[in-house]
>>> print(open('final.cif').read())   # mmCIF, C-alpha atoms
data_work
loop_
_atom_site.label_atom_id
_atom_site.label_comp_id
_atom_site.auth_asym_id
_atom_site.auth_seq_id
_atom_site.Cartn_x
_atom_site.Cartn_y
_atom_site.Cartn_z
CA THR A 1 0.00 0.00 0.00
CA PRO A 2 1.24 3.35 -0.60
CA PRO A 3 3.46 4.80 1.93
CA GLY A 4 1.01 6.93 3.66
CA THR A 5 -2.64 6.43 3.92
CA PRO A 6 -4.57 8.75 6.19
CA THR A 7 -7.57 6.51 6.22
CA ALA A 8 -8.46 3.13 4.88
CA SER A 9 -10.31 4.84 2.07
CA ALA A 10 -7.43 7.02 1.02
CA PRO A 11 -4.91 5.75 -1.44
CA SER A 12 -1.87 4.50 0.15
CA THR A 13 1.34 5.19 -1.28
CA ALA A 14 4.14 3.23 -1.71
CA SER A 15 2.65 0.80 0.10
CA ALA A 16 3.76 2.51 -1.04
CA SER A 17 1.84 2.12 -3.81
CA ALA A 18 -0.23 4.00 -6.02
CA PRO A 19 -2.46 6.22 -4.16
CA ALA A 20 -1.23 7.60 -1.06
CA GLY A 21 1.81 6.74 0.77
CA ALA A 22 3.95 8.44 3.17
CA HIS A 23 7.50 7.65 3.91
CA GLY A 24 9.59 9.73 6.09
CA ALA A 25 12.97 10.53 7.28
CA GLY A 26 12.64 10.23 10.99
CA THR A 27 15.66 10.07 13.22
CA SER A 28 16.82 6.67 14.33
CA ARG A 29 17.15 6.12 18.02
CA HIS A 30 19.17 3.65 20.01
CA ALA A 31 17.37 0.36 20.34
CA SER A 32 17.01 0.71 24.08
CA HIS A 33 14.93 3.85 23.53
CA ASP A 34 12.70 2.39 20.87
CA PRO A 35 9.07 1.79 21.75
CA SER A 36 7.79 -1.76 21.95
CA ALA A 37 4.71 -3.05 20.21
CA PRO A 38 1.47 -3.32 22.18
CA ARG A 39 0.53 -6.87 23.13
CA GLU A 40 -2.10 -6.89 20.39
CA PHE A 41 0.71 -7.12 17.78
CA VAL A 42 2.20 -10.42 16.59
CA ALA A 43 4.63 -11.74 14.01
CA LEU A 44 2.52 -13.07 11.14
CA ARG A 45 4.86 -16.06 10.83
CA ASP A 46 3.89 -17.15 14.35
CA VAL A 47 0.20 -17.27 13.42
CA ALA A 48 0.18 -18.14 9.70
CA PRO A 49 3.60 -19.61 8.85
CA THR A 50 2.62 -20.73 5.34
CA ILE A 51 2.02 -17.17 4.10
CA LEU A 52 5.02 -16.14 2.00
CA GLN A 53 6.87 -12.96 2.91
CA GLU A 54 8.80 -10.68 0.55
CA MET A 55 9.23 -7.58 2.68
CA ARG A 56 10.18 -5.08 0.01
CA TYR A 57 11.04 -2.14 2.24
CA ARG A 58 13.82 -4.14 3.87
CA THR A 59 15.40 -4.53 0.42
CA PRO A 60 16.72 -2.04 -2.17
CA HIS A 61 13.89 -3.02 -4.54
CA ASN A 62 11.58 -0.22 -3.41
CA PHE A 63 10.43 3.00 -5.02
CA THR A 64 12.91 5.14 -3.03
CA GLY A 65 15.95 3.16 -4.13
CA ALA A 66 17.34 3.20 -0.58
CA ASP A 67 19.05 0.03 0.65
CA HIS A 68 16.09 -0.29 2.99
CA VAL A 69 13.43 2.04 4.33
CA ARG A 70 13.97 3.54 7.78
CA GLY A 71 12.47 1.50 10.58
CA TYR A 72 12.66 -1.88 8.82
CA ARG A 73 15.35 -3.60 10.86
CA GLN A 74 14.28 -7.09 9.90
CA GLY A 75 12.42 -8.43 6.92
CA MET A 76 9.37 -9.63 8.81
CA CYS A 77 5.63 -9.00 8.81
CA ILE A 78 4.12 -7.65 12.02
CA VAL A 79 0.36 -7.07 12.30
CA THR A 80 -2.33 -7.02 14.96
CA ARG A 81 -3.46 -10.47 16.07
CA ASP A 82 -6.93 -9.87 14.64
CA THR A 83 -5.35 -9.18 11.26
CA ALA A 84 -3.11 -12.24 11.48
CA ASP A 85 -6.09 -14.45 12.33
CA ALA A 86 -8.06 -13.09 9.37
CA LEU A 87 -5.12 -13.62 7.02
CA ARG A 88 -4.80 -17.20 8.27
CA THR A 89 -8.47 -17.76 7.40
CA ALA A 90 -7.94 -16.41 3.88
CA GLN A 91 -4.76 -18.43 3.46
CA ARG A 92 -6.58 -21.68 4.25
CA SER A 93 -9.02 -20.92 1.45
CA PHE A 94 -6.23 -20.16 -1.02
CA LEU A 95 -4.19 -23.24 -0.10
CA LYS A 96 -7.16 -25.47 -0.96
CA ARG A 97 -7.05 -23.98 -4.47
CA GLY A 98 -3.31 -24.30 -4.94
CA TYR A 99 -2.32 -20.73 -4.10
CA SER A 100 -0.58 -18.90 -1.27
CA LEU A 101 -0.74 -15.32 -0.12
CA LYS A 102 2.51 -13.34 -0.23
CA VAL A 103 2.90 -10.14 1.77
CA TYR A 104 5.04 -7.23 0.58
CA ASP A 105 4.39 -4.92 3.54
CA CYS A 106 2.48 -5.09 6.80
CA TYR A 107 2.81 -2.82 9.83
CA ARG A 108 4.82 0.26 8.80
CA PRO A 109 6.36 2.50 11.47
CA GLN A 110 5.75 6.23 11.27
CA ARG A 111 9.48 6.80 10.77
CA ALA A 112 9.21 4.84 7.52
CA VAL A 113 6.31 7.01 6.41
CA ASP A 114 8.45 10.04 7.23
CA HIS A 115 11.22 8.55 5.09
CA PHE A 116 8.80 8.35 2.15
CA VAL A 117 7.73 11.96 2.63
CA ALA A 118 11.34 13.21 2.71
CA TRP A 119 12.12 11.17 -0.41
CA ALA A 120 9.11 12.59 -2.26
CA LYS A 121 10.26 16.14 -1.51
CA ASP A 122 13.73 15.46 -2.95
CA LEU A 123 12.94 16.07 -6.61
CA ASP A 124 16.53 15.35 -7.66
CA ASP A 125 16.31 11.69 -6.60
CA GLN A 126 14.73 9.94 -9.57
CA ARG A 127 16.63 6.64 -9.29
CA MET A 128 13.60 4.36 -9.43
CA LYS A 129 11.28 6.45 -11.61
CA ASP A 130 11.56 4.24 -14.69
CA GLU A 131 10.05 1.31 -12.80
CA PHE A 132 7.70 2.64 -10.15
CA TYR A 133 6.36 5.97 -11.47
CA PRO A 134 7.32 6.31 -15.16
CA ARG A 135 4.18 8.29 -16.08
CA VAL A 136 3.93 10.48 -12.96
CA GLU A 137 6.16 13.47 -12.29
CA LYS A 138 7.68 13.32 -8.84
CA ASP A 139 6.46 16.80 -7.91
CA ARG A 140 2.88 15.49 -8.24
CA LEU A 141 3.18 12.50 -5.90
CA PHE A 142 1.52 14.34 -3.00
CA GLU A 143 -1.15 16.05 -5.09
CA ASP A 144 -2.03 12.81 -6.87
CA GLY A 145 -2.29 10.93 -3.59
CA TYR A 146 0.61 8.52 -3.99
CA ILE A 147 2.45 9.81 -0.92
CA ALA A 148 0.94 11.08 2.33
CA GLU A 149 2.13 12.01 5.81
CA LYS A 150 0.13 9.28 7.49
CA SER A 151 -0.40 5.68 6.46
CA GLY A 152 -3.01 3.16 7.49
CA HIS A 153 -0.15 0.66 7.66
CA SER A 154 1.06 2.37 10.83
CA ARG A 155 -2.12 1.24 12.63
CA GLY A 156 -1.19 -2.42 12.20
CA SER A 157 -4.24 -3.75 10.35
CA THR A 158 -3.28 -2.96 6.75
CA VAL A 159 -1.28 -5.24 4.47
CA ASP A 160 0.04 -5.18 0.91
CA LEU A 161 -0.13 -8.61 -0.66
CA THR A 162 -0.54 -10.77 -3.73
CA LEU A 163 -1.11 -14.40 -4.73
CA VAL A 164 1.46 -17.03 -5.73
CA ARG A 165 0.69 -20.32 -7.45
CA LEU A 166 2.11 -23.30 -5.57
CA PRO A 167 4.69 -24.66 -5.58
CA ALA A 168 6.21 -21.19 -5.31
CA LYS A 169 9.16 -20.48 -7.57
CA PRO A 170 12.02 -18.42 -6.10
CA THR A 171 12.23 -14.74 -7.01
CA ARG A 172 15.72 -13.49 -7.76
CA PRO A 173 17.01 -10.54 -5.75
CA TYR A 174 17.06 -7.06 -7.26
CA ARG A 175 20.52 -5.82 -8.18
CA PRO A 176 20.85 -2.06 -7.53
CA GLY A 177 21.68 -0.28 -10.76
CA GLU A 178 20.17 -2.88 -13.07
CA PRO A 179 18.05 -1.58 -15.97
CA LEU A 180 14.52 -0.68 -14.87
CA VAL A 181 11.34 -1.63 -16.71
CA PRO A 182 7.94 0.08 -16.18
CA CYS A 183 5.85 -1.61 -13.50
CA PHE A 184 2.96 -1.89 -15.96
CA ALA A 185 4.94 -3.62 -18.72
CA PRO A 186 3.91 -7.17 -19.69
CA LYS A 187 4.72 -9.59 -16.88
CA ASP A 188 7.53 -11.32 -18.77
CA GLU A 189 9.26 -7.96 -19.28
CA ARG A 190 9.00 -6.31 -15.87
CA PHE A 191 11.01 -7.25 -12.79
CA PRO A 192 10.42 -10.97 -12.10
CA ASP A 193 7.97 -11.81 -9.34
CA ASN A 194 6.65 -15.28 -8.55
CA SER A 195 3.15 -13.87 -8.09
CA LEU A 196 0.18 -14.28 -10.38
CA ASP A 197 -0.08 -11.64 -13.11
CA MET A 198 -2.06 -8.78 -11.61
CA GLY A 199 -1.49 -6.40 -14.53
CA THR A 200 1.13 -4.30 -12.70
CA GLY A 201 3.86 -4.89 -10.20
CA PHE A 202 3.59 -3.95 -6.52
CA ASP A 203 3.84 -0.24 -5.66
CA CYS A 204 3.15 0.81 -9.22
CA PHE A 205 2.25 4.51 -9.04
CA ASP A 206 -0.15 4.44 -11.96
CA THR A 207 -3.89 4.37 -12.51
CA LEU A 208 -3.51 0.85 -13.90
CA SER A 209 -3.03 -0.19 -10.27
CA HIS A 210 -6.65 0.77 -9.52
CA THR A 211 -8.26 -2.56 -8.68
CA ALA A 212 -11.16 -2.20 -11.12
CA ASP A 213 -9.38 -0.28 -13.91
CA PRO A 214 -11.27 -1.26 -17.09
CA ARG A 215 -8.03 -1.68 -19.06
CA ILE A 216 -7.17 -4.70 -16.90
CA LYS A 217 -8.95 -7.64 -18.49
CA GLY A 218 -8.96 -11.41 -18.77
CA GLU A 219 -6.65 -13.42 -16.52
CA GLN A 220 -5.19 -10.32 -14.88
CA ARG A 221 -8.62 -9.10 -13.83
CA ALA A 222 -9.64 -12.59 -12.70
CA ASN A 223 -6.55 -12.79 -10.51
CA ARG A 224 -7.34 -9.44 -8.88
CA MET A 225 -10.93 -10.46 -8.25
CA LEU A 226 -9.84 -13.80 -6.72
CA LEU A 227 -7.57 -11.95 -4.29
CA LYS A 228 -10.17 -9.29 -3.50
CA GLY A 229 -13.15 -11.61 -3.15
CA THR A 230 -11.45 -14.08 -0.84
CA LEU A 231 -9.96 -11.38 1.39
CA GLU A 232 -13.31 -9.60 1.62
CA LYS A 233 -14.88 -12.83 2.88
CA ALA A 234 -12.16 -12.97 5.52
CA GLY A 235 -13.02 -9.47 6.75
CA PHE A 236 -10.84 -7.12 4.70
CA THR A 237 -11.60 -4.03 2.61
CA ASN A 238 -9.61 -3.23 -0.51
CA LEU A 239 -8.27 0.24 -1.28
CA PRO A 240 -9.72 0.90 -4.77
CA GLU A 241 -6.58 2.66 -5.97
CA GLU A 242 -4.28 -0.27 -5.17
CA TRP A 243 -5.09 -3.86 -6.00
CA TRP A 244 -2.58 -5.07 -3.37
CA HIS A 245 -3.74 -2.95 -0.40
CA PHE A 246 -6.19 -4.39 2.15
CA THR A 247 -7.29 -3.26 5.59
CA LEU A 248 -9.08 -5.31 8.22
CA THR A 249 -12.55 -3.75 8.27
CA ASP A 250 -12.83 -3.99 12.07
CA GLU A 251 -9.41 -2.50 12.87
CA THR A 252 -7.90 -3.14 16.29
CA PHE A 253 -6.46 0.41 16.44
CA PRO A 254 -8.58 2.51 14.05
CA GLU A 255 -7.05 5.85 15.07
CA THR A 256 -3.58 5.10 16.44
CA TYR A 257 -0.36 5.40 14.41
CA PHE A 258 2.60 3.52 15.88
CA ASP A 259 6.34 4.00 15.47
CA PHE A 260 8.04 0.93 16.96
CA PRO A 261 10.60 -0.53 14.52
CA VAL A 262 9.98 -3.68 12.51
CA TRP A 263 11.99 -6.42 14.19
CA ARG A 264 11.45 -9.30 16.58
CA ARG A 265 12.69 -7.29 19.56
CA ALA A 266 9.64 -5.04 19.36
CA LEU A 267 7.56 -8.09 20.39
CA GLN A 268 9.91 -9.52 23.02
CA HIS A 269 7.90 -8.27 25.99
CA HIS A 270 5.07 -10.54 24.88
CA ARG A 271 6.84 -13.57 26.28
#
>>> encode(input="final.cif", output="C-alpha cells")
Amino acid sequence: TPPGTPTASAPSTASASAPAGAHGAGTSRHASHDPSAPREFVALRDVAPTILQEMRYRTPHNFTGADHVRGYRQGMCIVTRDTADALRTAQRSFLKRGYSLKVYDCYRPQRAVDHFVAWAKDLDDQRMKDEFYPRVEKDRLFEDGYIAEKSGHSRGSTVDLTLVRLPAKPTRPYRPGEPLVPCFAPKDERFPDNSLDMGTGFDCFDTLSHTADPRIKGEQRANRMLLKGTLEKAGFTNLPEEWWHFTLTDETFPETYFDFPVWRRALQHHR
C-alpha cells in the first residue's frame, strides 16, 4: 500500500503504492529507547507460517531506491493479532485452491512514512522512476495521492499482498543499478515476481493499479478479483486505488499510528 494512507479509504502510497503513501525521514534512536509493540501485535509467521513474505522495504527493490526504508530492521511482517487471524483464514481458502498469499508490507512505522515523505520532496532523486512511477512526475506525488504524511499501515491492520501459485518459484534478488522496466509492462518484461499476473507490479504509481481499472482484463482481472473476493470474505476491505492494499474492516487500532521498529525485539515483551 502506498506509503502513507490517512484513512483506509485514502490511497496508500508506496505501500507505497499508487495512491497515497507516506515515507519519512525520521531520526533513528538507540534500540534501548525504541518503543515496543502493544501486546495486540504479533509476528505473522507465528500465526500463519505458510504465508510467504517478501518484505520489500527491507530490500533495495523499493520506489525510493534506498538500501532499505527507515524503521525496517528485519524483513518480517508484524500485524495485529486480529489481522493475522483473518489472514490465516484467507490463506486456508487459497491453499485449498493451490495458491498462497505473499505479503510485501504489513505494519509500517511512522518513521518509515516520514522517510517516504522526505524522499518525495527530494525532486533530484529519480533513481527508481523508470520502474515505479514512469508516467507520474515526482512533484505530483503528494497532489495525486501517492504519498501522504500518514499511512493506514502504521495502525497495524493494513497489508500489501498478492497471490502465488504453488509450488512457489524463487524470485531473484534485485541488483541495484540494473536496468529498470515500467511496472505496468507485460509480466515477462518487468522485474520478475513469482506472483500471479495482476497487470502491474507492486507499488506501481499508476492508474492501472486501480483494482477495477477497465483496461485490466482477462486473466489479470480474474486474478485481482480472486484476491479481493477471498480477502473480503475474511473481513478485509480493498483500497480501490491499489489492487494489493487491504485493511481489516474492524481495525484493532482505528485511530492510532505507531512507530516501533519492525523487528522481533519489538515483540519480546510478549513472552
>>> residues_around(input="final.cif", residues="Phe253 of chain A", least_positions_apart="3", cutoff="9 Å", atoms="only C-alpha atoms", output="list in words")
Thr80, Arg155, Gly156, Ser157, Asp250, Thr256 and Tyr257 of chain A
>>> closest_residue(input="final.cif", among="A:Cys106, A:Val113, A:Leu141, A:Ala90", to="Gly235 of chain A", atoms="all atoms listed in the file")
A:Ala90
>>> resolve_selection(input="final.cif", expression="the PyMOL selection byres ((chain A and resi 195) around 6)", output="compact mmCIF listing (two decimals) with C-alpha atoms, keeping the file's coordinate frame")
# COMPACT_ATOMS: atom_id res chain seq x y z
CA LEU A 163 -1.11 -14.40 -4.73
CA VAL A 164 1.46 -17.03 -5.73
CA ASP A 193 7.97 -11.81 -9.34
CA ASN A 194 6.65 -15.28 -8.55
CA LEU A 196 0.18 -14.28 -10.38
>>> resolve_selection(input="final.cif", expression="the PyMOL selection byres ((chain A and resi 65) around 10)", output="VMD selection string")
chain A and resid 57 59 to 64 66 to 69 119 125 to 129 176 to 177
>>> atom_distance(input="final.cif", atom1="atom CA of Ile147 of chain A", atom2="atom CA of Val181 of chain A")
21.4 Å
>>> atom_distance(input="final.cif", atom1="atom CA of Phe236 of chain A", atom2="atom CA of Asp144 of chain A")
24.7 Å
>>> atom_distance(input="final.cif", atom1="atom CA of Cys183 of chain A", atom2="atom CA of Lys138 of chain A")
15.7 Å
>>> resolve_selection(input="final.cif", expression="the PyMOL selection byres ((chain A and resi 78) around 10)", output="list in words")
Ala37, Phe41, Val42, Ala43, Leu44, Arg45, Asp46, Gly75, Met76, Cys77, Val79, Thr80, Arg81, Thr83, Ala84, Asp105, Cys106, Tyr107, Arg108, Gly156, Ser157, Val159, Pro261, Val262, Trp263, Arg264, Ala266 and Leu267 of chain A
>>> build_atoms(input="final.cif", residues="segment 206-221 of chain A", atoms="N, CA, C and O atoms", output="short mmCIF file (atom, residue, chain, number, x, y, z; two decimals), keeping the file's coordinate frame")
data_model
loop_
_atom_site.label_atom_id
_atom_site.label_comp_id
_atom_site.auth_asym_id
_atom_site.auth_seq_id
_atom_site.Cartn_x
_atom_site.Cartn_y
_atom_site.Cartn_z
N ASP A 206 0.49 4.28 -10.66
CA ASP A 206 -0.15 4.44 -11.96
C ASP A 206 -1.62 4.07 -11.81
O ASP A 206 -1.97 3.22 -10.99
N THR A 207 -2.47 4.68 -12.62
CA THR A 207 -3.89 4.37 -12.51
C THR A 207 -4.20 2.93 -12.90
O THR A 207 -5.26 2.40 -12.55
N LEU A 208 -3.29 2.26 -13.60
CA LEU A 208 -3.51 0.85 -13.90
C LEU A 208 -3.51 -0.01 -12.64
O LEU A 208 -3.98 -1.15 -12.66
N SER A 209 -3.02 0.54 -11.55
CA SER A 209 -3.03 -0.19 -10.27
C SER A 209 -4.40 -0.15 -9.62
O SER A 209 -4.65 -0.91 -8.67
N HIS A 210 -5.30 0.73 -10.07
CA HIS A 210 -6.65 0.77 -9.52
C HIS A 210 -7.28 -0.61 -9.73
O HIS A 210 -7.29 -1.15 -10.83
N THR A 211 -7.79 -1.18 -8.66
CA THR A 211 -8.26 -2.56 -8.68
C THR A 211 -9.21 -2.86 -9.83
O THR A 211 -9.10 -3.90 -10.49
N ALA A 212 -10.14 -1.95 -10.10
CA ALA A 212 -11.16 -2.20 -11.12
C ALA A 212 -10.91 -1.44 -12.42
O ALA A 212 -11.82 -1.23 -13.21
N ASP A 213 -9.65 -1.02 -12.67
CA ASP A 213 -9.38 -0.28 -13.91
C ASP A 213 -9.86 -1.10 -15.11
O ASP A 213 -9.49 -2.27 -15.26
N PRO A 214 -10.69 -0.51 -15.97
CA PRO A 214 -11.27 -1.26 -17.09
C PRO A 214 -10.26 -1.76 -18.11
O PRO A 214 -10.58 -2.64 -18.91
N ARG A 215 -9.05 -1.21 -18.11
CA ARG A 215 -8.03 -1.68 -19.06
C ARG A 215 -7.44 -3.03 -18.64
O ARG A 215 -6.78 -3.69 -19.45
N ILE A 216 -7.66 -3.41 -17.38
CA ILE A 216 -7.17 -4.70 -16.90
C ILE A 216 -8.25 -5.73 -17.19
O ILE A 216 -9.36 -5.65 -16.67
N LYS A 217 -7.93 -6.69 -18.03
CA LYS A 217 -8.95 -7.64 -18.49
C LYS A 217 -8.45 -9.08 -18.34
O LYS A 217 -7.32 -9.32 -17.94
N GLY A 218 -9.33 -10.01 -18.68
CA GLY A 218 -8.96 -11.41 -18.77
C GLY A 218 -8.37 -11.99 -17.50
O GLY A 218 -8.89 -11.78 -16.39
N GLU A 219 -7.27 -12.73 -17.65
CA GLU A 219 -6.65 -13.42 -16.52
C GLU A 219 -6.18 -12.46 -15.44
O GLU A 219 -6.31 -12.73 -14.25
N GLN A 220 -5.66 -11.30 -15.85
CA GLN A 220 -5.19 -10.32 -14.88
C GLN A 220 -6.34 -9.85 -13.99
O GLN A 220 -6.20 -9.76 -12.76
N ARG A 221 -7.46 -9.54 -14.60
CA ARG A 221 -8.62 -9.10 -13.83
C ARG A 221 -9.14 -10.23 -12.95
O ARG A 221 -9.49 -10.02 -11.77
#
